[in-house]
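Participant: I have a structure I would like to understand better, so I am pasting it below and will then ask my questions one at a time.
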Amino acid sequence: MKSHFIVRTLLFSYPVFLAIPSLIFAADCTAQENNWYVGIGAGWSNDDVKKEEIFSSLQADGFSISQFTSNDDDNMYKLFGGYNFNPHFAMEVGYFDHGSFDFISTLLQTDMQEGKVSVDGYFFDFIGRWPIEHGLSAFVRGGINNARVEQKFADNQFATAFYNSSERGANLNYGAGVVYSFNDVFSVRAEVERFRIEKNTITDDRVDTFSISVLYHFGSRRPTRATSTNEQAIQEHTRTPTPSPEPSPLPGPEPGLPAEITLSASTLFDFDMAVLRDEGKQVLTELVRDMADLEYEVVIITGHTDRIGTRPYNLALSMRRADTVRNYLLQAGIPGQNISARGVNSDEPVTTPRQCMGPVTDNLKACLQPDRRVVV
């Protein structure tokens with residue numbers, strides 16, 4: 001791997017990074033609920049030119065080489081789309097262009113032999129993921145590609161082995177990388193891959209790539225965040241107390257007395273997400289039914305997170321969760337002028353620091369579960 005490939009990768013990838021601000025803004029405006037995503041990636045590719053074999057071919061035809069230069073790397077890009085079956089498993093298809101690789105040989109007779117091979121095609125992969133820490137996951141991928149390998153020679157009169165051709169074939173490809181999710185629909189990943197390709201005269205039958213990609217998920221659950229088993233435990237939500245059915249019923253709450261309902265985030269959402277689960281929709285539907293029998297002047301929805309993660313991220317997550325609940329109530333017929341939403345990060349915890357201590361593990365997440373809630 002040449003020392004300058006990092007600079008070349010970053011320079012060639014600048015359109016990817018220019019897209020980041022607009023995608024972050026779009027993430028807050030997306031209201032769809034599915035698991036499809038699209039992405040664009042750019043980076044660096046490498047395929048070794050077969051210097052010794054080229055020498056042998058020219059020598060077999062009676063030529064000697066006085067000078068030889070080759071280009072083993074180039075810029076690459078890819079466009080792709082995928083579907084998340086669950087937080088751990090996805091399918092992806094796309095198009096790639098790995099650029100071209102070439103050589104120039106100067107013969108003793110002052111003649112020159114030039115050759116170039118270019119590689120592009122399509123891929124179909126399966127991806128497996130697992131979480132590392134808050135927002136960061138690792139993944140492996142594998143599948144098949146259908147690559148077009150086209151070789152051209154500027155002058156093929158010298159060696160009989162040098163001829164223009166364009167070949168296609170199905171081969172394996174595999175890779176690994178990491179992905180970081182900024183919010184529910186926007187993430188960035190870095191990965192290395194190896195693509196097997198059809199044999200040719202100029203290069204080895206494989207291309208190695210390093211790329212950085214931007215992914216946009218259409219309002220789906222973020223696949224890079226694997227759901228913790230402890231997160232699936234459902235906290236009982238508190239309902240507004242009702243008079244006991246006794247012969248002499250107790251009087252109702254005094255006029256103007258606020259009623260508070262606490263909904264567990266694990267009931268409403270998957271861990272670290274703001275898209276309603278089916279169970280969360282059922283809970284909110286019951287809440288709407290209960291509200292139909294109440295008289296109220298205002299409804300305030302407050303989203304809370306635990307203290308794991310950065311403050312800006314958790315503040316945005318708590319706001320998105322509050323907005324999700326607000327939008328559901330609006331769609332159910334609650335008047336919009338009477339309902340508001342806010343996010344408070346982890347500023348109003350239920351637990352205390354002494355109750356939940358230690359590194360970020362499943363045990364700590366389970367201990368902090370009461371802090372992850374939405375209060376109506």
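Residues in the structure tokens are numbered from 1 in each chain, the chains being A, B, ... in the order shown, and ligands are numbered from 1 in the order shown.
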Could you give me, as a PyMOL selection string, the residues within 12 Å of A:Pro359, counting only C-alpha atoms and dropping anything in the same chain fewer than 3 positions from it?
Facilitator: chain A and resi 133-134+307-309+356+362-365+367
Participant: So that I can see what lies close to stretch 179-195 of chain A, please list as an NGL selection string the residues with an atom at most 6 Å from it, counting only C-alpha atoms and leaving out residues fewer than 3 positions away in the same chain.
Facilitator: :A and (27 or 135-137 or 173-176 or 206-217 or 219 or 222)
Participant: Would you kindly return, as a list of chain:residue names, each protein, DNA or RNA residue with an atom no farther than 8 Å from any atom of A:Arg277, considering only C-alpha atoms and excluding same-chain residues fewer than 6 positions away?
Facilitator: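 Once the nearby chain positions are removed, what remains is A:Thr267, A:Leu268, A:Phe269, A:Asp270.
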Participant: Got time to write the residues from that selection, C-alpha atoms, as an mmCIF file, in the first residue's frame?
Facilitator:
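Heads up, here's the output in part_39.cif:
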data_model
loop_
_atom_site.group_PDB
_atom_site.id
_atom_site.type_symbol
_atom_site.label_atom_id
_atom_site.label_comp_id
_atom_site.auth_asym_id
_atom_site.auth_seq_id
_atom_site.Cartn_x
_atom_site.Cartn_y
_atom_site.Cartn_z
ATOM 1 C CA THR A 267 -41.701 0.034 25.370
ATOM 2 C CA LEU A 268 -41.877 2.740 22.715
ATOM 3 C CA PHE A 269 -38.561 2.363 20.856
ATOM 4 C CA ASP A 270 -35.686 0.034 20.152
#
Participant: Rank A:Gly82, A:Lys50, A:Val38, A:Met291 by their smallest atom-to-atom distance to A:Lys199, using only C-alpha atoms, and report the top residue only.
Facilitator: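 The closest residue to A:Lys199 is A:Lys50.
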Participant: Need to verify the contact set: A:Phe80, 7 Å, only C-alpha atoms, exclusion of same-chain residues closer than 4 positions in sequence. Can you return it as a list in words?
Facilitator: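 Everything that qualifies: Val38, Gly39, Ile40, Glu92, Val93, Gly94 and Tyr95 of chain A.
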Participant: In terms of the shortest atom-to-atom distance over only C-alpha atoms, which of A:Tyr163, A:Tyr122, A:Val117, A:Val178 is closest to A:Ala138?
Facilitator: A:Val178
Participant: Contacts of A:Glu53 at 12 Å or less, counting only C-alpha atoms, minus same-chain residues fewer than 2 places along, as number ranges by chain?
Facilitator: A: 48-51, 55-60, 159, 161-162, 200-204
Participant: Give me a file of those residues, with C-alpha atoms, as a compact mmCIF listing (two decimals), in the first residue's frame.
Facilitator:
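Everything below was put into again-v4.txt:
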# COMPACT_ATOMS: atom_id res chain seq x y z
CA ASP A 48 -0.48 -5.31 -8.79
CA VAL A 49 0.83 -5.13 -12.34
CA LYS A 50 2.46 -8.46 -13.31
CA LYS A 51 5.89 -7.09 -14.14
CA PHE A 55 8.97 -9.17 -19.07
CA SER A 56 8.75 -12.85 -19.98
CA SER A 57 6.24 -12.23 -22.78
CA LEU A 58 8.41 -9.55 -24.37
CA GLN A 59 11.58 -11.61 -24.02
CA ALA A 60 9.86 -14.61 -25.58
CA ALA A 159 4.39 -9.69 -27.97
CA ALA A 161 0.40 -12.37 -25.54
CA PHE A 162 -0.71 -8.71 -25.73
CA ASN A 200 -5.89 -10.77 -17.62
CA THR A 201 -2.42 -10.19 -19.03
CA ILE A 202 -1.60 -7.02 -17.07
CA THR A 203 -2.62 -7.44 -13.40
CA ASP A 204 -3.34 -10.04 -10.75
Participant: Let me make sure I understand: among A:Ser64, A:Ser318, A:Ser166, A:Asn171, which one has the smallest atom-to-atom distance to A:Thr305 if we use only C-alpha atoms?
Facilitator: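 Nearest to A:Thr305: A:Ser318.
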Participant: Considering only C-alpha atoms, state which residue in the set A:Val350, A:Gln331, A:Gly177, A:Glu198 is at the smallest distance from A:Ile132.
Facilitator: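 Of all the options, A:Gly177 lies closest to A:Ile132.
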Participant: Using only C-alpha atoms, can you tell me which of A:Arg148, A:Ser105, A:Phe139, A:Arg342 comes closest to A:Gly121?
Facilitator: A:Arg148
Participant: For each of A:Ser70, A:Thr324, A:Ser45, A:Thr262, take the minimum atom-to-atom distance to A:Ile104, counting only C-alpha atoms, then give the residue where this is smallest.
Facilitator: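 Distance minimum relative to A:Ile104 lands on A:Ser70.
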Participant: In Å to one decimal, how far is atom CA of A:Pro312 from atom CA of A:Leu330?
Facilitator: 26.8 Å
Participant: Between atom CA of A:Gln282 and atom CA of A:Glu260, what is the spacing in Å?
Facilitator: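 Spanning atom CA of A:Glu260 to atom CA of A:Gln282 is a straight-line distance of 18.6 Å.
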Participant: Can you tell me how far atom CA of A:Arg141 sits from atom CA of A:Asp125, in Å to one decimal?
Facilitator: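 Atom CA of A:Arg141 sits 6.4 Å away from atom CA of A:Asp125.
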